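**Student:** Below is the file query09.cif, with mmCIF, C-alpha atoms and all ligand atoms.
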data_start
#
loop_
_atom_site.label_atom_id
_atom_site.label_comp_id
_atom_site.auth_asym_id
_atom_site.auth_seq_id
_atom_site.Cartn_x
_atom_site.Cartn_y
_atom_site.Cartn_z
CA MET A 1 -62.97 89.06 129.51
CA ARG A 2 -60.08 86.95 128.24
CA ALA A 3 -56.99 86.94 130.45
CA ASN A 4 -54.55 88.28 127.85
CA VAL A 5 -56.43 91.48 127.05
CA PRO A 6 -54.31 94.56 127.88
CA VAL A 7 -55.70 96.60 130.77
CA ILE A 8 -55.84 100.30 129.89
CA ALA A 9 -56.65 102.52 132.85
CA ASP A 10 -56.83 105.97 131.28
CA GLU A 11 -55.83 108.17 128.33
CA ALA A 12 -52.20 108.37 129.45
CA GLY A 13 -52.11 104.57 129.68
CA LEU A 14 -53.72 104.25 126.27
CA GLU A 15 -51.24 106.56 124.56
CA ASP A 16 -48.37 104.86 126.36
CA PHE A 17 -49.55 101.42 125.20
CA MET A 18 -50.11 102.48 121.58
CA SER A 19 -46.82 104.32 121.29
CA ALA A 20 -44.57 101.62 122.80
CA PRO A 21 -41.98 100.98 120.08
CA SER A 22 -41.39 97.35 119.09
CA GLU A 23 -37.83 96.08 118.73
CA ARG A 24 -38.00 96.45 114.97
CA VAL A 25 -39.14 100.06 115.32
CA VAL A 26 -36.25 100.83 117.67
CA GLU A 27 -33.85 99.18 115.22
CA ARG A 28 -35.27 101.10 112.23
CA VAL A 29 -35.29 104.43 114.06
CA GLY A 30 -31.77 103.75 115.35
CA ALA A 31 -30.57 103.51 111.76
CA ILE A 32 -31.84 107.02 110.97
CA LYS A 33 -29.13 109.60 110.45
CA GLY A 34 -30.25 113.12 111.25
CA ASP A 35 -33.59 114.44 112.39
CA ILE A 36 -37.16 113.27 111.88
CA VAL A 37 -40.06 115.51 110.86
CA ILE A 38 -43.77 114.79 111.29
CA LEU A 39 -46.03 117.15 109.33
CA GLY A 40 -49.60 117.32 110.68
CA VAL A 41 -48.57 116.00 114.09
CA ALA A 42 -51.43 117.33 116.21
CA GLY A 43 -54.15 114.97 114.99
CA LYS A 44 -55.60 111.65 116.09
CA VAL A 45 -52.66 109.62 114.77
CA GLY A 46 -49.78 112.10 114.76
CA VAL A 47 -49.43 112.65 118.51
CA THR A 48 -48.96 108.94 119.18
CA LEU A 49 -46.64 108.56 116.17
CA ALA A 50 -44.44 111.35 117.54
CA MET A 51 -44.44 109.68 120.96
CA MET A 52 -43.40 106.34 119.43
CA LEU A 53 -40.58 107.94 117.44
CA ALA A 54 -39.29 109.90 120.44
CA LYS A 55 -39.31 106.75 122.60
CA ALA A 56 -37.55 104.76 119.87
CA VAL A 57 -34.80 107.38 119.52
CA LYS A 58 -34.27 107.24 123.27
CA LYS A 59 -34.18 103.43 123.33
CA ALA A 60 -31.83 103.30 120.34
CA GLY A 61 -29.54 105.77 122.09
CA THR A 62 -29.18 107.99 119.01
CA SER A 63 -29.37 111.77 118.79
CA SER A 64 -32.10 112.34 116.15
CA LYS A 65 -34.43 115.16 117.08
CA VAL A 66 -38.16 114.56 116.46
CA TYR A 67 -39.93 117.68 115.15
CA GLY A 68 -43.73 117.78 115.23
CA VAL A 69 -45.30 120.32 112.88
CA SER A 70 -48.91 121.57 113.01
CA ARG A 71 -50.71 124.84 113.48
CA PHE A 72 -51.61 123.58 116.98
CA SER A 73 -55.24 124.66 116.68
CA ASP A 74 -55.49 122.94 120.07
CA PRO A 75 -52.53 124.40 122.03
CA LYS A 76 -52.68 121.51 124.56
CA ALA A 77 -51.20 119.16 121.95
CA LYS A 78 -48.06 121.31 121.85
CA GLU A 79 -47.42 121.04 125.60
CA HIS A 80 -48.30 117.36 125.55
CA LEU A 81 -45.75 116.58 122.82
CA ALA A 82 -43.00 118.60 124.50
CA ILE A 83 -43.34 116.42 127.62
CA PHE A 84 -42.32 113.41 125.52
CA GLY A 85 -39.30 115.15 124.06
CA VAL A 86 -40.92 116.02 120.72
CA ARG A 87 -40.04 119.51 119.45
CA PRO A 88 -43.32 121.17 118.44
CA LEU A 89 -43.20 123.72 115.62
CA GLY A 90 -46.30 125.84 115.01
CA VAL A 91 -46.43 126.17 111.23
CA ASP A 92 -49.18 126.51 108.64
CA LEU A 93 -48.29 124.07 105.86
CA LEU A 94 -50.27 126.20 103.42
CA ASP A 95 -47.71 128.98 103.77
CA PRO A 96 -44.70 128.19 101.54
CA ALA A 97 -42.45 130.65 103.42
CA GLN A 98 -43.13 128.94 106.77
CA VAL A 99 -42.61 125.51 105.22
CA ALA A 100 -39.35 126.58 103.58
CA ALA A 101 -38.02 127.57 107.02
CA LEU A 102 -38.67 124.12 108.56
CA PRO A 103 -35.65 122.09 109.72
CA GLY A 104 -34.12 119.74 107.17
CA SER A 105 -34.75 116.00 107.34
CA GLU A 106 -34.20 112.88 105.28
CA ASN A 107 -37.09 111.10 107.01
CA VAL A 108 -40.50 112.74 106.86
CA PHE A 109 -43.99 111.61 107.83
CA PHE A 110 -46.87 113.56 106.26
CA LEU A 111 -50.18 113.29 108.14
CA ALA A 112 -51.81 116.66 107.55
CA GLY A 113 -55.25 116.56 106.02
CA LYS A 114 -58.82 117.78 106.10
CA LYS A 115 -61.93 115.60 105.88
CA PHE A 116 -64.83 116.66 108.10
CA GLY A 117 -66.31 120.05 107.30
CA THR A 118 -65.59 119.63 103.60
CA VAL A 119 -69.21 120.32 102.58
CA GLY A 120 -69.42 124.12 102.37
CA ALA A 121 -65.61 124.53 102.53
CA GLN A 122 -64.50 122.37 99.62
CA ASP A 123 -61.79 124.88 98.69
CA LEU A 124 -60.07 124.54 102.09
CA THR A 125 -60.18 120.73 101.84
CA TRP A 126 -58.61 120.84 98.38
CA ALA A 127 -55.97 123.34 99.52
CA THR A 128 -55.07 121.31 102.63
CA ASN A 129 -54.94 118.04 100.74
CA THR A 130 -53.01 119.30 97.69
CA ILE A 131 -51.20 122.60 98.38
CA ALA A 132 -49.76 121.49 101.76
CA PRO A 133 -48.36 118.29 100.11
CA ALA A 134 -46.87 120.42 97.30
CA ASN A 135 -45.17 122.71 99.83
CA ALA A 136 -43.91 119.72 101.83
CA ALA A 137 -42.64 117.83 98.79
CA GLN A 138 -40.70 120.90 97.62
CA ARG A 139 -39.18 121.51 101.06
CA TYR A 140 -38.23 117.85 101.51
CA LYS A 141 -37.00 117.25 97.98
CA GLY A 142 -34.89 114.08 97.84
CA ALA A 143 -36.00 112.84 101.30
CA ARG A 144 -38.03 109.75 102.17
CA ILE A 145 -41.68 110.68 102.78
CA VAL A 146 -44.28 108.34 104.24
CA ALA A 147 -47.38 110.18 103.03
CA TYR A 148 -50.63 109.24 104.74
CA SER A 149 -53.47 108.54 102.35
CA THR A 150 -56.76 106.69 102.66
CA GLY A 151 -58.73 103.73 101.33
CA CYS A 152 -61.25 106.36 100.16
CA VAL A 153 -59.19 106.79 96.97
CA TYR A 154 -60.72 103.50 95.78
CA ASP A 155 -64.21 102.68 94.59
CA PHE A 156 -66.58 101.01 97.07
CA LYS A 157 -66.28 97.21 97.12
CA THR A 158 -68.44 94.23 98.05
CA ALA A 159 -67.15 91.92 100.79
CA ALA A 160 -66.97 89.12 98.20
CA SER A 161 -64.49 91.14 96.10
CA GLY A 162 -61.77 90.71 98.72
CA GLY A 163 -61.24 94.49 98.88
CA ALA A 164 -59.43 97.04 96.71
CA LEU A 165 -55.87 96.27 95.67
CA GLU A 166 -53.02 98.74 95.28
CA LEU A 167 -52.70 98.01 91.58
CA GLU A 168 -56.22 99.07 90.64
CA ASP A 169 -57.15 102.49 89.32
CA PRO A 170 -58.50 104.83 91.99
CA ASN A 171 -62.11 105.97 91.66
CA PRO A 172 -62.89 108.31 94.55
CA THR A 173 -66.43 109.43 95.40
CA GLY A 174 -67.00 113.01 96.56
CA GLU A 175 -64.69 115.95 96.97
CA TYR A 176 -62.88 114.80 100.14
CA ALA A 177 -61.89 111.50 98.55
CA GLN A 178 -61.07 113.21 95.25
CA SER A 179 -58.81 115.66 97.06
CA THR A 180 -56.97 112.76 98.78
CA LEU A 181 -56.27 111.33 95.33
CA GLY A 182 -55.04 114.85 94.53
CA ARG A 183 -52.69 114.57 97.55
CA GLU A 184 -51.31 111.31 96.18
CA ARG A 185 -50.90 112.75 92.68
CA VAL A 186 -49.01 115.77 94.02
CA PHE A 187 -46.58 113.54 95.93
CA GLU A 188 -46.29 111.29 92.88
CA TYR A 189 -45.47 114.29 90.68
CA TYR A 190 -42.67 115.55 92.93
CA SER A 191 -41.40 112.01 93.50
CA ARG A 192 -40.95 111.52 89.76
CA LYS A 193 -39.63 115.05 89.18
CA ASP A 194 -37.13 115.25 92.07
CA GLY A 195 -36.40 111.61 92.87
CA THR A 196 -38.04 112.03 96.30
CA ARG A 197 -38.86 108.58 97.67
CA VAL A 198 -42.53 108.35 98.67
CA CYS A 199 -44.77 105.69 100.18
CA GLN A 200 -48.49 106.43 99.82
CA PHE A 201 -49.79 104.94 103.06
CA ARG A 202 -53.44 104.10 102.30
CA LEU A 203 -55.01 103.63 105.73
CA ASN A 204 -58.46 102.28 106.52
CA TYR A 205 -59.87 102.97 109.97
CA ALA A 206 -57.32 103.17 112.75
CA ILE A 207 -58.66 101.97 116.12
CA ASP A 208 -57.94 104.03 119.22
CA LEU A 209 -60.33 103.55 122.13
CA ARG A 210 -61.24 107.26 121.97
CA TYR A 211 -62.35 107.18 118.34
CA GLY A 212 -62.72 104.81 115.41
CA VAL A 213 -65.31 102.50 113.92
CA LEU A 214 -65.34 100.11 116.90
CA ARG A 215 -65.86 103.02 119.29
CA ASP A 216 -68.72 104.27 117.09
CA ILE A 217 -70.46 100.88 117.09
CA ALA A 218 -69.82 100.25 120.80
CA ASP A 219 -71.25 103.67 121.73
CA ARG A 220 -74.43 102.95 119.81
CA VAL A 221 -74.94 99.53 121.33
CA TYR A 222 -74.18 100.79 124.84
CA SER A 223 -76.61 103.72 124.57
CA GLY A 224 -79.36 101.71 122.84
CA GLN A 225 -79.07 103.58 119.51
CA ALA A 226 -79.49 101.72 116.23
CA VAL A 227 -76.40 100.52 114.37
CA ASP A 228 -76.69 101.21 110.64
CA LEU A 229 -76.07 98.06 108.58
CA SER A 230 -76.26 99.58 105.12
CA VAL A 231 -72.52 99.28 104.33
CA GLY A 232 -72.44 95.72 105.72
CA SER A 233 -68.78 95.34 106.66
CA LEU A 234 -65.54 97.16 107.36
CA ASN A 235 -61.79 96.79 107.86
CA CYS A 236 -59.90 98.24 110.81
CA ILE A 237 -56.50 98.01 112.52
CA TRP A 238 -55.17 98.89 115.97
CA GLN A 239 -53.50 102.32 115.94
CA GLY A 240 -50.36 100.94 117.63
CA ASP A 241 -49.94 98.57 114.66
CA VAL A 242 -50.57 101.48 112.29
CA LEU A 243 -47.74 103.41 113.95
CA GLU A 244 -45.33 100.51 113.70
CA ARG A 245 -46.19 100.06 110.00
CA THR A 246 -45.76 103.80 109.47
CA VAL A 247 -42.17 103.72 110.74
CA LEU A 248 -41.32 100.52 108.86
CA SER A 249 -42.76 102.04 105.68
CA LEU A 250 -39.71 104.29 105.48
CA ASP A 251 -38.19 101.29 103.72
CA LEU A 252 -41.05 101.22 101.19
CA CYS A 253 -40.40 104.79 100.02
CA GLU A 254 -39.50 104.77 96.34
CA SER A 255 -39.28 107.00 93.33
CA PRO A 256 -41.67 106.86 91.51
CA ALA A 257 -44.02 106.76 94.53
CA LYS A 258 -45.62 103.43 95.51
CA ALA A 259 -48.83 102.79 97.46
CA ILE A 260 -49.53 100.28 100.22
CA ASN A 261 -52.88 99.39 101.80
CA ILE A 262 -52.79 99.44 105.59
CA THR A 263 -55.65 97.84 107.49
CA GLY A 264 -56.50 94.66 109.37
CA PRO A 265 -56.95 91.18 107.87
CA GLU A 266 -60.68 90.79 108.56
CA THR A 267 -63.60 91.97 106.52
CA ALA A 268 -65.69 92.35 109.67
CA SER A 269 -69.47 92.20 109.56
CA ILE A 270 -70.98 95.26 111.24
CA ARG A 271 -73.89 93.14 112.51
CA TRP A 272 -71.42 90.71 114.08
CA LEU A 273 -69.41 93.53 115.68
CA ALA A 274 -72.59 95.02 117.21
CA GLU A 275 -73.62 91.60 118.52
CA GLU A 276 -70.19 91.09 120.08
CA PHE A 277 -70.50 94.43 121.88
CA GLY A 278 -74.07 93.50 122.86
CA ARG A 279 -72.84 90.25 124.48
CA ARG A 280 -70.19 92.11 126.44
CA PHE A 281 -72.60 94.85 127.58
CA GLY A 282 -75.53 92.48 128.24
CA LYS A 283 -77.66 94.55 125.84
CA ALA A 284 -79.34 93.43 122.62
CA PRO A 285 -78.22 95.74 119.80
CA CYS A 286 -80.80 97.35 117.54
CA PHE A 287 -80.24 97.95 113.88
CA SER A 288 -81.21 100.28 111.06
CA GLY A 289 -80.39 100.58 107.36
CA ASN A 290 -80.87 98.27 104.48
CA GLU A 291 -78.63 95.21 105.01
CA LYS A 292 -77.91 93.56 101.66
CA PRO A 293 -75.57 90.68 100.81
CA ASP A 294 -74.03 92.70 97.98
CA SER A 295 -73.69 96.03 99.81
CA LYS A 296 -70.54 98.01 99.09
CA ALA A 297 -68.17 99.72 101.50
CA TYR A 298 -64.66 101.12 101.77
CA LEU A 299 -62.89 97.75 101.85
CA ALA A 300 -59.20 97.35 101.13
CA ASN A 301 -57.10 94.25 100.66
CA ALA A 302 -53.95 94.62 102.77
CA ALA A 303 -52.40 91.22 101.93
CA LYS A 304 -49.26 92.90 100.63
CA SER A 305 -48.70 94.67 103.97
CA PHE A 306 -49.04 91.37 105.90
CA ALA A 307 -46.41 89.77 103.66
CA LEU A 308 -44.08 92.70 104.36
CA PHE A 309 -44.74 93.34 108.06
CA GLY A 310 -46.60 90.28 109.36
CA TYR A 311 -50.10 90.37 110.88
CA PRO A 312 -51.00 93.12 113.35
CA ALA A 313 -50.00 92.42 116.98
CA ILE A 314 -53.46 93.29 118.33
CA SER A 315 -56.29 91.09 117.06
CA LEU A 316 -59.81 92.23 116.24
CA GLU A 317 -61.18 90.22 119.21
CA THR A 318 -58.77 92.04 121.53
CA MET A 319 -59.76 95.43 120.08
CA ILE A 320 -63.42 94.57 120.70
CA ASP A 321 -62.66 93.55 124.30
CA MET A 322 -60.62 96.68 125.00
CA THR A 323 -63.21 98.97 123.43
CA ALA A 324 -66.05 97.33 125.38
CA VAL A 325 -64.25 97.78 128.72
CA TRP A 326 -63.33 101.38 127.85
CA VAL A 327 -66.89 102.34 126.88
CA ALA A 328 -68.56 100.52 129.80
CA SER A 329 -66.22 102.26 132.25
CA GLY A 330 -66.94 105.73 130.84
CA GLY A 331 -63.63 106.07 128.97
CA SER A 332 -63.13 109.37 127.19
CA SER A 333 -64.14 110.02 123.59
CA LEU A 334 -62.71 112.51 121.09
CA GLY A 335 -66.29 113.11 119.93
CA LYS A 336 -65.17 112.56 116.33
CA PRO A 337 -67.37 109.86 114.76
CA THR A 338 -66.00 108.23 111.60
CA HIS A 339 -69.30 108.29 109.64
CA PHE A 340 -68.42 104.77 108.43
CA GLU A 341 -72.04 104.25 107.32
CA GLN A 342 -71.85 107.02 104.71
CA THR A 343 -71.25 106.25 101.03
CA ASP A 344 -72.20 109.58 99.46
CA GLY A 345 -68.67 110.98 99.87
CA LYS A 346 -70.06 114.13 101.56
CA TYR A 347 -68.27 114.84 104.84
N1 LIG A 401 -57.39 108.17 111.55
C1 LIG A 401 -57.81 107.31 110.62
O1 LIG A 401 -58.44 106.29 110.92
C2 LIG A 401 -57.50 107.57 109.17
C3 LIG A 401 -58.08 106.72 108.22
C4 LIG A 401 -57.77 106.92 106.89
C5 LIG A 401 -56.91 107.93 106.52
N2 LIG A 401 -56.38 108.75 107.46
C6 LIG A 401 -55.47 109.80 106.98
O2 LIG A 401 -54.39 109.93 107.86
C7 LIG A 401 -54.05 111.29 108.10
C8 LIG A 401 -53.87 111.49 109.59
O3 LIG A 401 -55.09 111.08 110.22
P1 LIG A 401 -55.64 111.74 111.51
O4 LIG A 401 -56.83 110.96 111.89
O5 LIG A 401 -54.54 111.94 112.51
O6 LIG A 401 -56.08 113.16 110.94
P2 LIG A 401 -56.45 114.47 111.77
O7 LIG A 401 -56.88 114.10 113.15
O8 LIG A 401 -57.39 115.25 110.93
O9 LIG A 401 -55.06 115.23 111.88
C9 LIG A 401 -54.49 115.94 110.84
C10 LIG A 401 -53.75 117.10 111.45
O10 LIG A 401 -53.17 117.89 110.39
C11 LIG A 401 -52.98 119.19 110.88
N3 LIG A 401 -53.14 120.16 109.81
C12 LIG A 401 -54.21 120.33 108.99
N4 LIG A 401 -54.00 121.38 108.18
C13 LIG A 401 -52.77 121.87 108.48
C14 LIG A 401 -52.02 122.96 108.01
N5 LIG A 401 -52.48 123.79 107.06
N6 LIG A 401 -50.80 123.18 108.56
C15 LIG A 401 -50.32 122.39 109.53
N7 LIG A 401 -51.00 121.33 110.02
C16 LIG A 401 -52.21 121.09 109.51
C17 LIG A 401 -54.09 119.45 111.91
O11 LIG A 401 -53.56 119.99 113.11
P3 LIG A 401 -53.66 121.59 113.39
O12 LIG A 401 -55.11 121.96 113.27
O13 LIG A 401 -53.12 121.78 114.76
O14 LIG A 401 -52.81 122.22 112.34
C18 LIG A 401 -54.65 118.04 112.20
O15 LIG A 401 -54.69 117.76 113.57
C19 LIG A 401 -55.18 112.13 107.51
O16 LIG A 401 -54.68 112.94 106.49
C20 LIG A 401 -56.17 111.15 106.91
O17 LIG A 401 -56.41 111.42 105.54
C21 LIG A 401 -56.65 108.60 108.77
#
What is this structure when it is put down as structure tokens?
Ligand SMILES: NC(=O)c1ccc[n+]([C@@H]2O[C@H](COP(=O)([O-])OP(=O)(O)OC[C@H]3O[C@@H](n4cnc5c(N)ncnc54)[C@H](OP(=O)(O)O)[C@@H]3O)[C@@H](O)[C@H]2O)c1

**Tutor:**
Amino acid sequence: MRANVPVIADEAGLEDFMSAPSERVVERVGAIKGDIVILGVAGKVGVTLAMMLAKAVKKAGTSSKVYGVSRFSDPKAKEHLAIFGVRPLGVDLLDPAQVAALPGSENVFFLAGKKFGTVGAQDLTWATNTIAPANAAQRYKGARIVAYSTGCVYDFKTAASGGALELEDPNPTGEYAQSTLGRERVFEYYSRKDGTRVCQFRLNYAIDLRYGVLRDIADRVYSGQAVDLSVGSLNCIWQGDVLERTVLSLDLCESPAKAINITGPETASIRWLAEEFGRRFGKAPCFSGNEKPDSKAYLANAAKSFALFGYPAISLETMIDMTAVWVASGGSSLGKPTHFEQTDGKY
């Protein structure tokens, strides 16, 4: 392995590495007056975002409190966050009375959502992805809200297209993706109505060693299962870079709401990724699916984000190296595959 690849010993080390605030994050968080609220904190991204914000407040030497809001379906997340100085609040965002009682804030991050388990419970997906945003937007009227969204609001794209751009009309496939466009439209409505400044943070595949598209591909290569090539290629970005961009996106919040694509610079071939893992594991990958030069996938063009924030700090090659070491050494998994190979919109 290359000498400059970060060595991550365990989950605590991984979260610590991802949530280390950069100087510009400390500076931005230091400029915040008042408290910070993260809605939907208990998920794959939210816990590390809360950790980064709490560390940045400490480093900046300011007194902002960081509140982390979720139902805490997994109670361990609550204890875990409290250790880092985050104030966990067990609230159901679908209940307007509970949301109305949340602490005030001028700086809000909205990460709540539902994707997997949509088939058979479409109503709950729609409620989570539209009613919770409506409750949040009404409670935090006039604030800045970085509202997580997804590249799934776009149509599928060929690699040759260069990926979906923020200015094109959304065209989501399936009820999960349609409901995430609903989430955006709800925030857009309240942004226009109340002057609330919103950034629609359209993320494509965050990479954490415990989950993500690289973990999915690495697991298959390592265990000798076939890697499906039908979507051809993908975009991804290190979760630590996602977190930094999340905080810096406070400055992109506007009324009316604006969207930004957040992913890595490469349109990475899935065959190439599997072969890279194969080389590191000493195993030849096997493949399935119909690989076509004009296959379509969720591909986004994040050029605008690179102009604003620079390129991600962690390169794709480094993510591959770190994931390979993690998988080969039995590193933990969240057991939440991304289903990157699916294009039917049914999750
Ligand atoms: N991770 C990625 O690579 C990725 C890619 C594209 C887009 N996104 C978007 O980014 C957002 C965050 O991603 P994620 O991976 O962290 O999602 P996640 O793991 O599903 O986390 C979302 C969290 O929202 C909370 N939540 C759901 N319904 C709630 C409710 N009614 N009240 C309070 N909290 C509620 C849940 O915690 P409780 O069950 O404890 O309430 C859940 O842990 C998602 O909305 C997703 O659309 C993520």

**Student:** Up to 10 Å from (-85.0, 96.3, 118.1) in the file's coordinates: name the residues, counting only C-alpha atoms, as a count of residues only.

**Tutor:** 8

**Student:** For A:Val146, work out the shell of residues within 8 Å, counting all atoms listed in the file and skipping chain neighbours fewer than 6 positions away, then give it as a list in words.

**Tutor:** Val108, Phe109, Phe110, Val198, Cys199, Gln200, Phe201, Thr246, Ser249, Leu250 and Cys253 of chain A

**Student:** Pick from A:Ala257, A:Val221, A:Leu234, A:Leu243: nearest to A:Glu275, with only C-alpha atoms counted?

**Tutor:**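 Among A:Ala257, A:Val221, A:Leu234, A:Leu243, it is A:Val221 that comes nearest to A:Glu275.
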
**Student:** Dump as a Markdown table the rows for residues of chain A within 8 Å of ligand LIG 401 (chain A): closest atom pair and distance in Å with one decimal, only C-alpha atoms and all ligand atoms counted, ordered by chain and rising residue number.

**Tutor:**
| residue | atom | partner | partner_atom | distance |
| --- | --- | --- | --- | --- |
| A:Leu39 | CA | A:LIG401 | N7 | 6.5 |
| A:Gly40 | CA | A:LIG401 | O10 | 3.6 |
| A:Val41 | CA | A:LIG401 | C10 | 5.9 |
| A:Ala42 | CA | A:LIG401 | O15 | 4.2 |
| A:Gly43 | CA | A:LIG401 | O15 | 3.2 |
| A:Lys44 | CA | A:LIG401 | O5 | 3.7 |
| A:Val45 | CA | A:LIG401 | O5 | 3.7 |
| A:Gly46 | CA | A:LIG401 | O5 | 5.3 |
| A:Val47 | CA | A:LIG401 | O5 | 7.9 |
| A:Val69 | CA | A:LIG401 | C15 | 6.4 |
| A:Ser70 | CA | A:LIG401 | N7 | 3.7 |
| A:Arg71 | CA | A:LIG401 | O14 | 3.5 |
| A:Phe72 | CA | A:LIG401 | O13 | 3.2 |
| A:Ser73 | CA | A:LIG401 | O13 | 4.1 |
| A:Asp74 | CA | A:LIG401 | O13 | 5.9 |
| A:Pro75 | CA | A:LIG401 | O13 | 7.8 |
| A:Ala77 | CA | A:LIG401 | O13 | 7.9 |
| A:Gly90 | CA | A:LIG401 | C15 | 7.6 |
| A:Val91 | CA | A:LIG401 | C15 | 5.7 |
| A:Asp92 | CA | A:LIG401 | N6 | 3.7 |
| A:Leu93 | CA | A:LIG401 | N6 | 3.8 |
| A:Leu94 | CA | A:LIG401 | N5 | 4.9 |
| A:Asp95 | CA | A:LIG401 | N5 | 7.8 |
| A:Phe110 | CA | A:LIG401 | C7 | 7.8 |
| A:Leu111 | CA | A:LIG401 | C8 | 4.4 |
| A:Ala112 | CA | A:LIG401 | O10 | 3.4 |
| A:Gly113 | CA | A:LIG401 | O16 | 3.7 |
| A:Lys114 | CA | A:LIG401 | O8 | 5.6 |
| A:Lys115 | CA | A:LIG401 | O8 | 6.8 |
| A:Thr128 | CA | A:LIG401 | N4 | 5.7 |
| A:Asn129 | CA | A:LIG401 | O16 | 7.7 |
| A:Ala132 | CA | A:LIG401 | N5 | 6.4 |
| A:Tyr148 | CA | A:LIG401 | O2 | 4.9 |
| A:Ser149 | CA | A:LIG401 | C6 | 5.2 |
| A:Thr150 | CA | A:LIG401 | C5 | 4.1 |
| A:Gly151 | CA | A:LIG401 | C4 | 6.5 |
| A:Cys152 | CA | A:LIG401 | C4 | 7.6 |
| A:Thr180 | CA | A:LIG401 | O17 | 6.9 |
| A:Arg202 | CA | A:LIG401 | C5 | 6.7 |
| A:Leu203 | CA | A:LIG401 | C4 | 4.4 |
| A:Asn204 | CA | A:LIG401 | C4 | 4.7 |
| A:Tyr205 | CA | A:LIG401 | O1 | 3.7 |
| A:Ala206 | CA | A:LIG401 | O1 | 3.8 |
| A:Ile207 | CA | A:LIG401 | O1 | 6.8 |
| A:Gly212 | CA | A:LIG401 | O1 | 6.4 |
| A:Thr338 | CA | A:LIG401 | O1 | 7.8 |

**Student:** Could you write out the selected residues, including C-alpha atoms, as a PDB file, in the coordinates of the input?

**Tutor:**
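Generated output (again03.pdb):
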ATOM      1  CA  LEU A  39     -46.030 117.150 109.330  1.00  0.00           C
ATOM      2  CA  GLY A  40     -49.600 117.320 110.680  1.00  0.00           C
ATOM      3  CA  VAL A  41     -48.570 116.000 114.090  1.00  0.00           C
ATOM      4  CA  ALA A  42     -51.430 117.330 116.210  1.00  0.00           C
ATOM      5  CA  GLY A  43     -54.150 114.970 114.990  1.00  0.00           C
ATOM      6  CA  LYS A  44     -55.600 111.650 116.090  1.00  0.00           C
ATOM      7  CA  VAL A  45     -52.660 109.620 114.770  1.00  0.00           C
ATOM      8  CA  GLY A  46     -49.780 112.100 114.760  1.00  0.00           C
ATOM      9  CA  VAL A  47     -49.430 112.650 118.510  1.00  0.00           C
ATOM     10  CA  VAL A  69     -45.300 120.320 112.880  1.00  0.00           C
ATOM     11  CA  SER A  70     -48.910 121.570 113.010  1.00  0.00           C
ATOM     12  CA  ARG A  71     -50.710 124.840 113.480  1.00  0.00           C
ATOM     13  CA  PHE A  72     -51.610 123.580 116.980  1.00  0.00           C
ATOM     14  CA  SER A  73     -55.240 124.660 116.680  1.00  0.00           C
ATOM     15  CA  ASP A  74     -55.490 122.940 120.070  1.00  0.00           C
ATOM     16  CA  PRO A  75     -52.530 124.400 122.030  1.00  0.00           C
ATOM     17  CA  ALA A  77     -51.200 119.160 121.950  1.00  0.00           C
ATOM     18  CA  GLY A  90     -46.300 125.840 115.010  1.00  0.00           C
ATOM     19  CA  VAL A  91     -46.430 126.170 111.230  1.00  0.00           C
ATOM     20  CA  ASP A  92     -49.180 126.510 108.640  1.00  0.00           C
ATOM     21  CA  LEU A  93     -48.290 124.070 105.860  1.00  0.00           C
ATOM     22  CA  LEU A  94     -50.270 126.200 103.420  1.00  0.00           C
ATOM     23  CA  ASP A  95     -47.710 128.980 103.770  1.00  0.00           C
ATOM     24  CA  PHE A 110     -46.870 113.560 106.260  1.00  0.00           C
ATOM     25  CA  LEU A 111     -50.180 113.290 108.140  1.00  0.00           C
ATOM     26  CA  ALA A 112     -51.810 116.660 107.550  1.00  0.00           C
ATOM     27  CA  GLY A 113     -55.250 116.560 106.020  1.00  0.00           C
ATOM     28  CA  LYS A 114     -58.820 117.780 106.100  1.00  0.00           C
ATOM     29  CA  LYS A 115     -61.930 115.600 105.880  1.00  0.00           C
ATOM     30  CA  THR A 128     -55.070 121.310 102.630  1.00  0.00           C
ATOM     31  CA  ASN A 129     -54.940 118.040 100.740  1.00  0.00           C
ATOM     32  CA  ALA A 132     -49.760 121.490 101.760  1.00  0.00           C
ATOM     33  CA  TYR A 148     -50.630 109.240 104.740  1.00  0.00           C
ATOM     34  CA  SER A 149     -53.470 108.540 102.350  1.00  0.00           C
ATOM     35  CA  THR A 150     -56.760 106.690 102.660  1.00  0.00           C
ATOM     36  CA  GLY A 151     -58.730 103.730 101.330  1.00  0.00           C
ATOM     37  CA  CYS A 152     -61.250 106.360 100.160  1.00  0.00           C
ATOM     38  CA  THR A 180     -56.970 112.760  98.780  1.00  0.00           C
ATOM     39  CA  ARG A 202     -53.440 104.100 102.300  1.00  0.00           C
ATOM     40  CA  LEU A 203     -55.010 103.630 105.730  1.00  0.00           C
ATOM     41  CA  ASN A 204     -58.460 102.280 106.520  1.00  0.00           C
ATOM     42  CA  TYR A 205     -59.870 102.970 109.970  1.00  0.00           C
ATOM     43  CA  ALA A 206     -57.320 103.170 112.750  1.00  0.00           C
ATOM     44  CA  ILE A 207     -58.660 101.970 116.120  1.00  0.00           C
ATOM     45  CA  GLY A 212     -62.720 104.810 115.410  1.00  0.00           C
ATOM     46  CA  THR A 338     -66.000 108.230 111.600  1.00  0.00           C
TER      47      THR A 338
END

**Student:** Interatomic distance between atom CA of A:Phe277 and atom CA of A:Leu49?

**Tutor:**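 The value is 28.3 Å.
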
**Student:** For atom CA of A:Ala12 and atom CA of A:His339, determine how far apart the two atoms are, in Å to one decimal place.

**Tutor:**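 Spanning atom CA of A:Ala12 to atom CA of A:His339 is a straight-line distance of 26.2 Å.
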
**Student:** Tell me which of A:Ala177, A:Ile83, A:Val26, A:Ala137 sits closest to A:Ala100, counting all atoms listed in the file.

**Tutor:**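 Going through A:Ala177, A:Ile83, A:Val26, A:Ala137 one by one, the smallest distance to A:Ala100 is for A:Ala137.
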